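Visitor: Contents of work_36.cif (mmCIF, C-alpha atoms) are below:
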```cif
data_start
#
loop_
_atom_site.label_atom_id
_atom_site.label_comp_id
_atom_site.auth_asym_id
_atom_site.auth_seq_id
_atom_site.Cartn_x
_atom_site.Cartn_y
_atom_site.Cartn_z
CA MET G 1 13.79 79.53 84.72
CA LYS G 2 16.53 80.06 87.26
CA LYS G 3 14.74 77.72 89.62
CA ILE G 4 14.72 75.00 86.97
CA GLU G 5 18.43 75.52 86.31
CA ASN G 6 19.18 75.22 90.03
CA GLN G 7 17.11 72.06 90.19
CA LEU G 8 18.98 70.60 87.20
CA LEU G 9 22.32 71.48 88.78
CA LYS G 10 21.17 69.81 91.98
CA TYR G 11 20.21 66.62 90.11
CA LYS G 12 23.47 66.71 88.20
CA LYS G 13 25.43 67.01 91.42
CA MET G 14 23.39 64.20 92.98
CA ASN G 15 23.99 61.98 89.97
CA LYS G 16 27.72 62.58 90.20
CA THR G 17 27.62 61.68 93.89
CA ILE G 18 25.71 58.47 93.17
CA ILE G 19 28.11 57.54 90.37
CA THR G 20 31.05 58.24 92.70
CA ILE G 21 29.56 55.97 95.37
CA ILE G 22 28.95 53.18 92.85
CA LEU G 23 32.45 53.42 91.41
CA ILE G 24 34.17 53.46 94.81
CA VAL G 25 32.07 50.53 96.03
CA PHE G 26 33.05 48.73 92.81
CA ALA G 27 36.74 49.46 93.47
CA CYS G 28 36.40 48.21 97.03
CA VAL G 29 34.59 44.99 96.11
CA ILE G 30 36.93 44.13 93.23
CA THR G 31 40.00 44.75 95.37
CA TYR G 32 38.57 42.76 98.25
CA ARG G 33 37.95 39.68 96.09
CA GLY G 34 41.67 39.00 95.94
CA SER G 35 41.77 38.36 92.19
CA VAL G 36 43.89 39.72 89.35
CA MET G 37 41.34 42.52 88.87
CA GLY G 38 41.95 43.57 92.45
CA SER G 39 45.61 44.20 91.66
CA LEU G 40 44.84 47.00 89.18
CA SER G 41 45.11 49.71 91.87
CA LEU G 42 41.45 50.64 91.44
CA MET G 43 41.49 52.11 94.94
CA VAL G 44 43.75 54.83 93.52
CA ILE G 45 42.55 55.07 89.94
CA ILE G 46 38.80 55.40 90.57
CA PRO G 47 39.04 58.19 93.20
CA PHE G 48 41.53 59.87 90.85
CA VAL G 49 39.10 59.70 87.90
CA CYS G 50 36.17 60.81 90.07
CA ARG G 51 38.06 63.89 91.21
CA MET G 52 39.11 64.71 87.65
CA PHE G 53 35.45 64.98 86.60
CA TYR G 54 33.82 65.96 89.90
CA ASP G 55 35.10 68.96 91.83
CA GLN G 56 33.61 68.05 95.21
CA THR G 57 36.78 66.90 96.96
CA ALA G 58 35.12 66.64 100.36
CA HIS G 59 32.37 64.38 98.97
CA ILE G 60 34.82 62.00 97.32
CA VAL G 61 37.06 61.82 100.38
CA ALA G 62 34.09 61.29 102.72
CA ILE G 63 32.62 58.56 100.48
CA SER G 64 36.00 56.82 100.27
CA LEU G 65 36.55 56.91 104.03
CA ILE G 66 33.04 55.68 104.86
CA ILE G 67 33.08 52.84 102.33
CA GLY G 68 36.59 51.88 103.40
CA ALA G 69 35.50 51.77 107.04
CA ILE G 70 32.47 49.60 106.22
CA SER G 71 34.68 47.27 104.20
CA GLY G 72 36.78 46.60 107.28
CA PHE G 73 34.05 44.26 108.51
CA PHE G 74 34.93 41.88 105.67
CA ASN G 75 38.14 39.96 105.52
CA VAL G 76 38.56 38.25 102.15
CA LEU G 77 42.22 39.18 101.74
CA GLY G 78 43.00 38.91 105.43
CA PHE G 79 43.51 42.67 105.84
CA GLY G 80 41.10 43.00 108.75
CA ILE G 81 41.19 46.49 110.20
CA LEU G 82 44.10 47.43 107.92
CA PHE G 83 41.84 47.52 104.87
CA PRO G 84 40.09 50.81 105.78
CA LEU G 85 43.51 52.37 106.35
CA ILE G 86 44.91 51.07 103.04
CA PHE G 87 41.75 52.09 101.17
CA SER G 88 41.70 55.55 102.76
CA ILE G 89 45.36 56.34 102.06
CA SER G 90 45.09 55.02 98.50
CA SER G 91 41.95 57.02 97.73
CA LEU G 92 43.45 60.19 99.26
CA CYS G 93 46.51 59.76 97.05
CA GLY G 94 44.20 59.42 94.05
CA VAL G 95 42.06 62.44 94.96
CA PHE G 96 44.93 64.80 95.72
CA GLY G 97 46.87 63.47 92.73
CA ALA G 98 43.92 64.51 90.54
CA MET G 99 43.74 67.91 92.22
CA SER G 100 47.43 68.50 91.54
CA LEU G 101 47.07 67.40 87.93
CA LYS G 102 44.11 69.73 87.34
CA LYS G 103 46.16 72.61 88.67
CA VAL G 104 48.73 71.89 85.97
CA TYR G 105 46.14 72.96 83.38
CA ASN G 106 44.99 76.01 85.30
CA GLU G 107 48.33 77.31 86.55
CA PRO G 108 49.81 80.03 84.30
CA ILE G 109 53.31 79.91 85.81
CA LYS G 110 55.43 77.22 84.15
CA LYS G 111 57.53 76.37 87.22
CA LYS G 112 54.43 75.80 89.30
CA LYS G 113 52.98 73.63 86.53
CA ILE G 114 56.04 71.39 86.76
CA LEU G 115 55.83 71.27 90.56
CA TYR G 116 52.13 70.30 90.46
CA LEU G 117 52.85 67.65 87.83
CA ILE G 118 55.67 66.18 89.93
CA LEU G 119 53.44 66.25 93.03
CA SER G 120 50.66 64.48 91.13
CA ILE G 121 53.05 61.76 89.94
CA ILE G 122 54.46 61.30 93.45
CA LEU G 123 50.99 60.96 94.98
CA LEU G 124 49.81 58.49 92.35
CA ARG G 125 53.02 56.50 92.61
CA ALA G 126 52.68 56.37 96.41
CA GLY G 127 49.07 55.19 96.21
CA ILE G 128 49.86 52.53 93.61
CA SER G 129 52.87 51.33 95.64
CA ILE G 130 50.65 50.84 98.68
CA ASN G 131 48.20 48.87 96.55
CA VAL G 132 50.92 46.71 95.03
CA GLU G 133 52.14 45.77 98.51
CA ALA G 134 48.59 44.92 99.57
CA THR G 135 47.15 43.28 96.45
CA GLY G 136 50.06 42.21 94.25
CA THR G 137 50.43 42.97 90.55
CA PRO G 138 48.62 41.65 87.45
CA TRP G 139 51.85 40.22 86.02
CA GLY G 140 52.56 38.61 89.40
CA TYR G 141 49.18 36.86 89.25
CA MET G 142 49.74 35.66 85.70
CA GLU G 143 53.25 34.37 86.42
CA ALA G 144 52.15 32.56 89.59
CA LYS G 145 49.16 30.96 87.88
CA GLU G 146 51.27 29.71 84.98
CA LYS G 147 54.18 28.45 87.11
CA ILE G 148 52.01 26.65 89.66
CA ASN G 149 49.75 25.08 87.04
CA SER G 150 52.83 23.86 85.15
CA TYR G 151 54.18 22.40 88.39
CA VAL G 152 50.89 20.60 89.08
CA LYS G 153 50.70 19.26 85.53
CA LYS G 154 54.26 17.96 85.78
CA ASN G 155 53.93 16.24 89.16
CA TYR G 156 50.32 15.04 89.40
CA GLU G 157 48.04 13.02 87.17
CA ASP G 158 45.19 14.81 85.40
CA GLY G 159 42.18 15.13 87.66
CA THR G 160 44.15 15.04 90.93
CA LEU G 161 43.76 18.77 91.51
CA LYS G 162 41.09 21.03 90.03
CA TYR G 163 42.14 24.67 89.63
CA LYS G 164 39.78 27.24 91.20
CA LYS G 165 41.53 30.61 91.38
CA THR G 166 44.77 32.53 91.91
CA SER G 167 45.08 34.90 94.84
CA TYR G 168 47.64 36.93 96.78
CA ASN G 169 48.64 36.78 100.44
CA TRP G 170 49.80 40.26 101.41
CA TYR G 171 51.06 39.13 104.82
CA MET G 172 53.28 36.35 103.43
CA ASP G 173 53.99 38.39 100.30
CA ASN G 174 53.31 35.54 97.90
CA TYR G 175 50.78 34.37 95.33
CA TYR G 176 48.95 31.07 95.47
CA ASN G 177 46.62 28.90 93.46
CA VAL G 178 43.58 27.37 95.12
CA TYR G 179 42.77 23.81 94.07
CA GLU G 180 39.97 21.42 94.85
CA TYR G 181 40.62 17.73 95.45
CA PHE G 182 38.64 14.75 96.68
CA VAL G 183 39.85 12.44 99.41
CA ARG G 184 37.93 9.95 101.54
CA GLY G 185 34.71 10.89 99.82
CA SER G 186 34.78 14.61 100.55
CA SER G 187 35.84 17.73 98.69
CA GLN G 188 38.77 19.71 100.10
CA GLU G 189 40.60 22.88 99.12
CA VAL G 190 44.33 23.38 99.22
CA HIS G 191 46.81 26.17 98.39
CA ILE G 192 50.01 25.85 96.41
CA ASP G 193 52.14 28.95 96.96
CA TYR G 194 54.55 30.81 94.70
CA SER G 195 56.99 33.15 96.44
CA LYS G 196 58.81 36.20 95.14
CA ARG G 197 61.96 34.07 95.16
CA LYS G 198 60.16 31.96 92.53
CA GLU G 199 59.92 29.00 94.89
CA ILE G 200 56.87 26.75 95.08
CA TYR G 201 55.51 25.48 98.39
CA ASP G 202 53.23 22.52 97.81
CA GLN G 203 50.73 22.35 100.67
CA PHE G 204 48.92 19.48 98.95
CA LYS G 205 52.09 17.38 99.03
CA PHE G 206 52.49 18.14 102.72
CA GLU G 207 48.87 17.27 103.54
CA MET G 208 48.99 14.00 101.62
CA GLU G 209 52.21 13.06 103.41
CA GLN G 210 50.49 13.80 106.71
CA LEU G 211 47.53 11.59 105.79
CA TYR G 212 49.77 8.79 104.60
CA THR G 213 52.03 8.79 107.66
CA TYR G 214 49.00 9.01 109.94
CA GLU G 215 47.71 5.77 108.42
CA ARG G 216 51.09 4.14 109.04
CA GLU G 217 51.01 5.38 112.65
CA ILE G 218 47.59 3.83 113.22
CA GLU G 219 48.65 0.52 111.67
CA LEU G 220 51.82 0.17 113.76
CA GLN G 221 50.04 1.43 116.87
CA GLY G 222 47.42 -1.30 116.50
CA ILE G 223 50.03 -4.02 116.05
CA LEU G 224 52.16 -2.96 119.01
CA ASN G 225 49.30 -2.30 121.42
CA GLY G 226 48.09 -5.84 120.92
CA LEU G 227 51.47 -7.40 121.71
CA MET G 228 53.26 -5.18 124.22
CA ASP G 229 52.58 -4.77 127.92
CA LYS G 230 53.41 -1.05 127.78
CA ASN G 231 51.39 1.93 126.56
CA LEU G 232 53.12 3.07 123.39
CA ARG G 233 52.45 6.17 121.31
CA VAL G 234 53.59 6.00 117.71
CA SER G 235 54.35 8.99 115.50
CA ALA G 236 55.63 8.81 111.94
CA GLY G 237 57.31 11.16 109.52
CA ILE G 238 58.54 10.98 105.96
CA GLU G 239 60.97 12.88 103.79
CA THR G 240 60.46 12.10 100.15
CA GLU G 241 60.54 13.71 96.75
CA ASP G 242 57.74 11.40 95.62
CA TYR G 243 54.26 12.86 95.27
CA ILE G 244 51.62 11.01 97.24
CA THR G 245 48.10 10.98 95.81
CA ARG G 246 44.86 9.53 97.09
CA ASP G 247 45.64 6.24 95.31
CA GLU G 248 48.33 5.55 97.93
CA LEU G 249 45.90 6.10 100.81
CA ASN G 250 44.18 3.03 102.22
CA ASP G 251 40.62 3.88 101.12
CA HIS G 252 41.62 4.12 97.46
CA TYR G 253 44.48 1.63 97.45
CA TYR G 254 42.37 -1.31 98.60
CA ASN G 255 39.74 -0.51 95.96
CA LEU G 256 42.18 -0.50 93.05
CA THR G 257 41.92 -4.24 92.47
CA TYR G 258 39.60 -3.60 89.52
CA ASP G 259 42.75 -2.43 87.73
CA MET G 260 45.52 -4.84 88.70
CA GLU G 261 48.16 -2.98 86.72
CA LYS G 262 47.45 0.21 88.63
CA PHE G 263 47.13 -1.71 91.90
CA ASN G 264 50.57 -3.32 91.48
CA LYS G 265 52.11 0.00 90.49
CA THR G 266 50.62 1.68 93.56
CA LYS G 267 51.70 -1.21 95.78
CA GLU G 268 55.27 -0.79 94.58
CA LYS G 269 55.10 2.93 95.25
CA ARG G 270 53.73 2.36 98.77
CA GLU G 271 56.60 0.00 99.55
CA LYS G 272 59.04 2.61 98.32
CA LEU G 273 57.38 5.26 100.49
CA ASN G 274 57.33 3.01 103.55
CA ASN G 275 61.09 2.54 103.24
CA LYS G 276 61.44 6.28 103.85
CA ILE G 277 59.31 6.46 107.00
CA THR G 278 60.86 7.14 110.39
CA TYR G 279 58.91 6.12 113.48
CA ILE G 280 59.23 7.54 116.97
CA ILE G 281 57.69 5.40 119.71
CA ARG G 282 57.19 6.99 123.12
CA ILE G 283 56.50 5.01 126.27
CA LYS G 284 53.69 6.12 128.59
CA ASP G 285 52.22 4.91 131.87
CA ASN G 286 48.54 4.04 132.43
CA GLU G 287 47.71 7.72 132.83
CA MET G 288 49.52 8.48 129.56
CA LYS G 289 52.32 10.32 131.32
CA ASP G 290 55.98 9.87 130.47
CA LEU G 291 57.36 6.61 131.84
CA ILE G 292 61.03 6.09 132.64
CA LEU G 293 62.70 2.73 131.96
CA SER G 294 66.12 1.40 132.78
CA LYS G 295 68.62 0.82 129.99
CA GLU G 296 67.94 -2.92 130.03
CA GLU G 297 64.17 -2.46 129.96
CA LEU G 298 64.35 0.06 127.13
CA THR G 299 66.69 -2.00 124.95
CA ASP G 300 64.68 -5.18 125.60
CA LEU G 301 61.52 -3.35 124.56
CA ALA G 302 63.22 -2.03 121.41
CA ILE G 303 64.30 -5.58 120.49
CA LYS G 304 60.71 -6.80 120.97
CA ILE G 305 59.41 -4.00 118.77
CA ARG G 306 61.98 -4.75 116.08
CA ASN G 307 61.05 -8.44 116.08
CA THR G 308 57.33 -7.62 115.93
CA ILE G 309 57.85 -5.25 113.01
CA GLY G 310 59.87 -7.95 111.26
CA VAL G 311 57.15 -10.57 111.72
CA HIS G 312 54.55 -8.23 110.23
CA GLU G 313 56.92 -7.28 107.38
CA ILE G 314 56.56 -3.56 107.96
CA ASN G 315 58.95 -1.47 105.88
CA PHE G 316 60.62 1.52 107.49
CA LEU G 317 63.73 3.65 107.42
CA ARG G 318 64.39 4.01 111.13
CA VAL G 319 62.63 3.46 114.46
CA THR G 320 63.46 5.36 117.64
CA VAL G 321 62.09 4.20 120.99
CA LYS G 322 62.02 6.94 123.64
CA CYS G 323 61.20 7.34 127.29
CA SER G 324 61.55 10.29 129.62
CA ASN G 325 61.08 11.25 133.23
CA GLY G 326 59.21 14.29 131.92
CA GLU G 327 61.55 16.75 133.58
CA ASP G 328 65.23 16.89 132.80
CA SER G 329 66.30 13.73 131.03
CA SER G 330 65.34 11.40 128.20
CA TYR G 331 66.51 7.99 127.04
CA GLU G 332 66.30 6.54 123.58
CA VAL G 333 67.45 3.71 121.40
CA TRP G 334 67.15 3.43 117.64
CA PHE G 335 67.39 0.75 115.00
CA ASP G 336 66.99 0.26 111.28
CA LYS G 337 66.42 -2.89 109.24
CA ASN G 338 70.08 -3.87 109.47
CA THR G 339 70.46 -3.41 113.23
CA ASP G 340 70.82 -6.59 115.29
CA GLU G 341 70.27 -6.98 119.04
CA GLU G 342 73.84 -6.03 119.86
CA GLY G 343 73.51 -2.96 117.66
CA ILE G 344 70.35 -1.89 119.47
CA ILE G 345 72.16 -2.05 122.81
CA LYS G 346 75.02 0.03 121.36
CA ASN G 347 72.54 2.61 120.04
CA TYR G 348 71.25 3.40 123.53
CA LYS G 349 71.49 7.12 124.24
CA TYR G 350 70.92 9.30 127.30
CA GLU G 351 70.23 13.02 127.02
CA LYS G 352 69.95 15.62 129.73
CA LYS G 353 67.49 18.37 128.87
#
```
The structure in this file should be written as structure tokens.
Guide:
Amino acid sequence: MKKIENQLLKYKKMNKTIITIILIVFACVITYRGSVMGSLSLMVIIPFVCRMFYDQTAHIVAISLIIGAISGFFNVLGFGILFPLIFSISSLCGVFGAMSLKKVYNEPIKKKKILYLILSIILLRAGISINVEATGTPWGYMEAKEKINSYVKKNYEDGTLKYKKTSYNWYMDNYYNVYEYFVRGSSQEVHIDYSKRKEIYDQFKFEMEQLYTYEREIELQGILNGLMDKNLRVSAGIETEDYITRDELNDHYYNLTYDMEKFNKTKEKREKLNNKITYIIRIKDNEMKDLILSKEELTDLAIKIRNTIGVHEINFLRVTVKCSNGEDSSYEVWFDKNTDEEGIIKNYKYEKK
């Protein structure tokens, strides 16, 4: 009979160990997914609960440390090797917090009860604080999701961005929504961030501006390379509060003729955007190294470029033509749509690096 009882106790202990392993793996996986569930401090709560119902402290600690170490090979939240450390400290806080709380019930001396209770609260608070720093908070997730989705709904047409999930970047200390969008026939993902200062950083807006200005670079580059006797490298930038979508990009814009109303509206928007573009044109030699020109050569080239841009009716905000000796000095001249030849000569500038 005693042998059977020992066997039953052994199975009971084994079952508790298996349940502990399953629960801690669950806590680890959920936390590692980087979702709102992962912000529930399960890395503290589950070891705490396990220790409350299972007296084998060494087993729980060992299981937590081993699973935490194994989890370090994954990198969903970007923790890398820090995850085992975060997981281990959190689980230890949970385990020893439970031990302290259990002593409250078993300790006959009232003052010691209070001390154990305070210690338990401190340990749990410390573990949860570590988790909050690493995984965010549930209310932070909900606020970020709502604010970013409202921002997207306000600034983009329906169907431009498809919501996928909300996550937290512990390193940057901000939340972000992941969206899917289609451009040039392929699916892409993009983040829109929400900081603790309640500011939104729109990576999609930035990427679309990059694509749009790149197309303008290629267009102007092609025009100038065919007409000038110098190697020119064009770069473009834009500062605008307008939101560029795929309709403004060449691939979609030139296929909008099936809807002339939308085509004309997009054409008007493109012209407005082009009027905000600044171009920088750098002069290179045949080996694509910096090429130095005299003041007369540089201003003459700038006048040629201005005239060429005018002939092709290219809208722009400002164009700067630069050359450099590649070492300690650079020369530039700029013009806008209202600058005449005399103005270009006056806008010549020399800078010593």
Visitor: Could you please determine the separation between atom CA of Ser88 of chain G and atom CA of Ile19 of chain G in Å, to one decimal place?
Guide: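 Result for atom CA of Ser88 of chain G versus atom CA of Ile19 of chain G: 18.5 Å, one decimal.
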Visitor: Between atom CA of Asn174 of chain G and atom CA of Glu146 of chain G, what distance in Å does the model show, to one decimal?
Guide: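 Between atom CA of Asn174 of chain G and atom CA of Glu146 of chain G the gap is 14.3 Å.
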Visitor: Could you list the residues chosen by the PyMOL selection byres ((chain G and resi 295-309) around 12) in this structure as a PyMOL selection string?
Guide: chain G and resi 219-232+234+279-283+291-294+310-316+318-324+330-350
Visitor: Pull out every residue that the PyMOL selection byres ((chain G and resi 39) around 12) matches in the shown coordinates and put them as a PyMOL selection string.
Guide: chain G and resi 27-38+40-45+77+128-142+166-170+175
Visitor: Step by step, work through what the PyMOL selection byres ((chain G and resi 90-106) around 9) selects in the shown file, and finish by giving those residues as a PyMOL selection string.
Guide: chain G and resi 41-52+55+57+60-61+64-65+85-89+107-108+110+112-128+130-131
Visitor: Quick one: write out the picked residues with C-alpha atoms as a CSV table (one decimal), in the frame of the given file?
Guide:
```csv
chain,number,residue,atom,x,y,z
G,41,SER,CA,45.1,49.7,91.9
G,42,LEU,CA,41.4,50.6,91.4
G,43,MET,CA,41.5,52.1,94.9
G,44,VAL,CA,43.8,54.8,93.5
G,45,ILE,CA,42.6,55.1,89.9
G,46,ILE,CA,38.8,55.4,90.6
G,47,PRO,CA,39.0,58.2,93.2
G,48,PHE,CA,41.5,59.9,90.8
G,49,VAL,CA,39.1,59.7,87.9
G,50,CYS,CA,36.2,60.8,90.1
G,51,ARG,CA,38.1,63.9,91.2
G,52,MET,CA,39.1,64.7,87.6
G,55,ASP,CA,35.1,69.0,91.8
G,57,THR,CA,36.8,66.9,97.0
G,60,ILE,CA,34.8,62.0,97.3
G,61,VAL,CA,37.1,61.8,100.4
G,64,SER,CA,36.0,56.8,100.3
G,65,LEU,CA,36.6,56.9,104.0
G,85,LEU,CA,43.5,52.4,106.4
G,86,ILE,CA,44.9,51.1,103.0
G,87,PHE,CA,41.8,52.1,101.2
G,88,SER,CA,41.7,55.6,102.8
G,89,ILE,CA,45.4,56.3,102.1
G,107,GLU,CA,48.3,77.3,86.6
G,108,PRO,CA,49.8,80.0,84.3
G,110,LYS,CA,55.4,77.2,84.2
G,112,LYS,CA,54.4,75.8,89.3
G,113,LYS,CA,53.0,73.6,86.5
G,114,ILE,CA,56.0,71.4,86.8
G,115,LEU,CA,55.8,71.3,90.6
G,116,TYR,CA,52.1,70.3,90.5
G,117,LEU,CA,52.8,67.6,87.8
G,118,ILE,CA,55.7,66.2,89.9
G,119,LEU,CA,53.4,66.2,93.0
G,120,SER,CA,50.7,64.5,91.1
G,121,ILE,CA,53.0,61.8,89.9
G,122,ILE,CA,54.5,61.3,93.4
G,123,LEU,CA,51.0,61.0,95.0
G,124,LEU,CA,49.8,58.5,92.4
G,125,ARG,CA,53.0,56.5,92.6
G,126,ALA,CA,52.7,56.4,96.4
G,127,GLY,CA,49.1,55.2,96.2
G,128,ILE,CA,49.9,52.5,93.6
G,130,ILE,CA,50.6,50.8,98.7
G,131,ASN,CA,48.2,48.9,96.6
```
Visitor: To one decimal place in Å, what is the distance between atom CA of Asp158 of chain G and atom CA of Thr213 of chain G?
Guide: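 Computing it gives 24.1 Å between the two atoms.
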Visitor: Within 10 Å of Asp242 of chain G, counting only C-alpha atoms, which residues show up once you throw out same-chain ones fewer than 3 positions away? Write them as a PyMOL selection string, please.
Guide: chain G and resi 155+205+209+239+245+269+272-273
Visitor: For the residues in that selection, give me C-alpha atoms as a compact mmCIF listing (two decimals), in the coordinates of the input.
Guide:
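result-v9.txt, written as the output of this step:
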```txt
# COMPACT_ATOMS: atom_id res chain seq x y z
CA ASN G 155 53.93 16.24 89.16
CA LYS G 205 52.09 17.38 99.03
CA GLU G 209 52.21 13.06 103.41
CA GLU G 239 60.97 12.88 103.79
CA THR G 245 48.10 10.98 95.81
CA LYS G 269 55.10 2.93 95.25
CA LYS G 272 59.04 2.61 98.32
CA LEU G 273 57.38 5.26 100.49
```
Visitor: Which centre and which edge lengths, in Å to one decimal, describe the axis-aligned box that holds all listed atoms of segment 105-122 of chain G after 8 Å is added on each side, as lines of an AutoDock Vina configuration file?
Guide:
```
center_x = 51.3
center_y = 70.7
center_z = 88.4
size_x = 28.5
size_y = 34.7
size_z = 26.1
```
Visitor: Pick out the residues sitting within 9 Å of Ile21 of chain G, and hand them over as a PyMOL selection string; count all atoms listed in the file, and ignore anything fewer than 4 positions along from it in its own chain.
Guide: chain G and resi 16-17+25-26+60+63-64+67
Visitor: In terms of the shortest atom-to-atom distance over all atoms listed in the file, which of G:Ile66, G:Ile238, G:Leu256, G:Leu249 is closest to Arg270 of chain G?
Guide: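 With all atoms listed in the file as the atom set, the closest residue is G:Leu249.
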Visitor: Which is closest to Lys276 of chain G among G:Lys111, G:Arg184, G:Arg197, G:Arg216, if we use only C-alpha atoms?
Guide: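 Using only C-alpha atoms, Lys276 of chain G sits closest to G:Arg216.
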Visitor: Output segment 177-191 of chain G as a PDB file, in the coordinates of the input, making sure N, CA, C and O atoms are there.
Guide:
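The new file selection.pdb reads:
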```pdb
ATOM      1  N   ASN G 177      47.767  29.469  94.164  1.00  0.00           N
ATOM      2  CA  ASN G 177      46.620  28.900  93.460  1.00  0.00           C
ATOM      3  C   ASN G 177      45.791  28.084  94.442  1.00  0.00           C
ATOM      4  O   ASN G 177      46.346  27.377  95.287  1.00  0.00           O
ATOM      5  N   VAL G 178      44.494  28.185  94.312  1.00  0.00           N
ATOM      6  CA  VAL G 178      43.580  27.370  95.120  1.00  0.00           C
ATOM      7  C   VAL G 178      43.094  26.214  94.252  1.00  0.00           C
ATOM      8  O   VAL G 178      42.641  26.426  93.127  1.00  0.00           O
ATOM      9  N   TYR G 179      43.210  25.004  94.794  1.00  0.00           N
ATOM     10  CA  TYR G 179      42.770  23.810  94.070  1.00  0.00           C
ATOM     11  C   TYR G 179      41.760  23.034  94.905  1.00  0.00           C
ATOM     12  O   TYR G 179      41.784  23.083  96.139  1.00  0.00           O
ATOM     13  N   GLU G 180      40.922  22.322  94.204  1.00  0.00           N
ATOM     14  CA  GLU G 180      39.970  21.420  94.850  1.00  0.00           C
ATOM     15  C   GLU G 180      40.423  19.984  94.602  1.00  0.00           C
ATOM     16  O   GLU G 180      40.878  19.652  93.506  1.00  0.00           O
ATOM     17  N   TYR G 181      40.313  19.151  95.627  1.00  0.00           N
ATOM     18  CA  TYR G 181      40.620  17.730  95.450  1.00  0.00           C
ATOM     19  C   TYR G 181      39.665  16.908  96.304  1.00  0.00           C
ATOM     20  O   TYR G 181      39.041  17.420  97.240  1.00  0.00           O
ATOM     21  N   PHE G 182      39.552  15.644  95.960  1.00  0.00           N
ATOM     22  CA  PHE G 182      38.640  14.750  96.680  1.00  0.00           C
ATOM     23  C   PHE G 182      39.456  13.666  97.368  1.00  0.00           C
ATOM     24  O   PHE G 182      40.321  13.034  96.761  1.00  0.00           O
ATOM     25  N   VAL G 183      39.181  13.485  98.644  1.00  0.00           N
ATOM     26  CA  VAL G 183      39.850  12.440  99.410  1.00  0.00           C
ATOM     27  C   VAL G 183      38.867  11.919 100.450  1.00  0.00           C
ATOM     28  O   VAL G 183      38.131  12.691 101.069  1.00  0.00           O
ATOM     29  N   ARG G 184      38.832  10.604 100.586  1.00  0.00           N
ATOM     30  CA  ARG G 184      37.930   9.950 101.540  1.00  0.00           C
ATOM     31  C   ARG G 184      36.488  10.398 101.377  1.00  0.00           C
ATOM     32  O   ARG G 184      35.764  10.636 102.338  1.00  0.00           O
ATOM     33  N   GLY G 185      36.102  10.593 100.125  1.00  0.00           N
ATOM     34  CA  GLY G 185      34.710  10.890  99.820  1.00  0.00           C
ATOM     35  C   GLY G 185      34.271  12.321 100.013  1.00  0.00           C
ATOM     36  O   GLY G 185      33.089  12.630  99.868  1.00  0.00           O
ATOM     37  N   SER G 186      35.182  13.211 100.339  1.00  0.00           N
ATOM     38  CA  SER G 186      34.780  14.610 100.550  1.00  0.00           C
ATOM     39  C   SER G 186      35.676  15.556  99.755  1.00  0.00           C
ATOM     40  O   SER G 186      36.827  15.237  99.445  1.00  0.00           O
ATOM     41  N   SER G 187      35.115  16.715  99.446  1.00  0.00           N
ATOM     42  CA  SER G 187      35.840  17.730  98.690  1.00  0.00           C
ATOM     43  C   SER G 187      36.646  18.611  99.644  1.00  0.00           C
ATOM     44  O   SER G 187      36.143  19.039 100.684  1.00  0.00           O
ATOM     45  N   GLN G 188      37.893  18.868  99.291  1.00  0.00           N
ATOM     46  CA  GLN G 188      38.770  19.710 100.100  1.00  0.00           C
ATOM     47  C   GLN G 188      39.407  20.776  99.210  1.00  0.00           C
ATOM     48  O   GLN G 188      39.491  20.606  97.998  1.00  0.00           O
ATOM     49  N   GLU G 189      39.853  21.849  99.840  1.00  0.00           N
ATOM     50  CA  GLU G 189      40.600  22.880  99.120  1.00  0.00           C
ATOM     51  C   GLU G 189      42.009  22.973  99.676  1.00  0.00           C
ATOM     52  O   GLU G 189      42.225  22.775 100.872  1.00  0.00           O
ATOM     53  N   VAL G 190      42.944  23.293  98.801  1.00  0.00           N
ATOM     54  CA  VAL G 190      44.330  23.380  99.220  1.00  0.00           C
ATOM     55  C   VAL G 190      45.023  24.488  98.435  1.00  0.00           C
ATOM     56  O   VAL G 190      44.642  24.789  97.301  1.00  0.00           O
ATOM     57  N   HIS G 191      46.026  25.122  99.046  1.00  0.00           N
ATOM     58  CA  HIS G 191      46.810  26.170  98.390  1.00  0.00           C
ATOM     59  C   HIS G 191      48.158  25.605  97.949  1.00  0.00           C
ATOM     60  O   HIS G 191      48.765  24.816  98.661  1.00  0.00           O
TER      61      HIS G 191
END
```
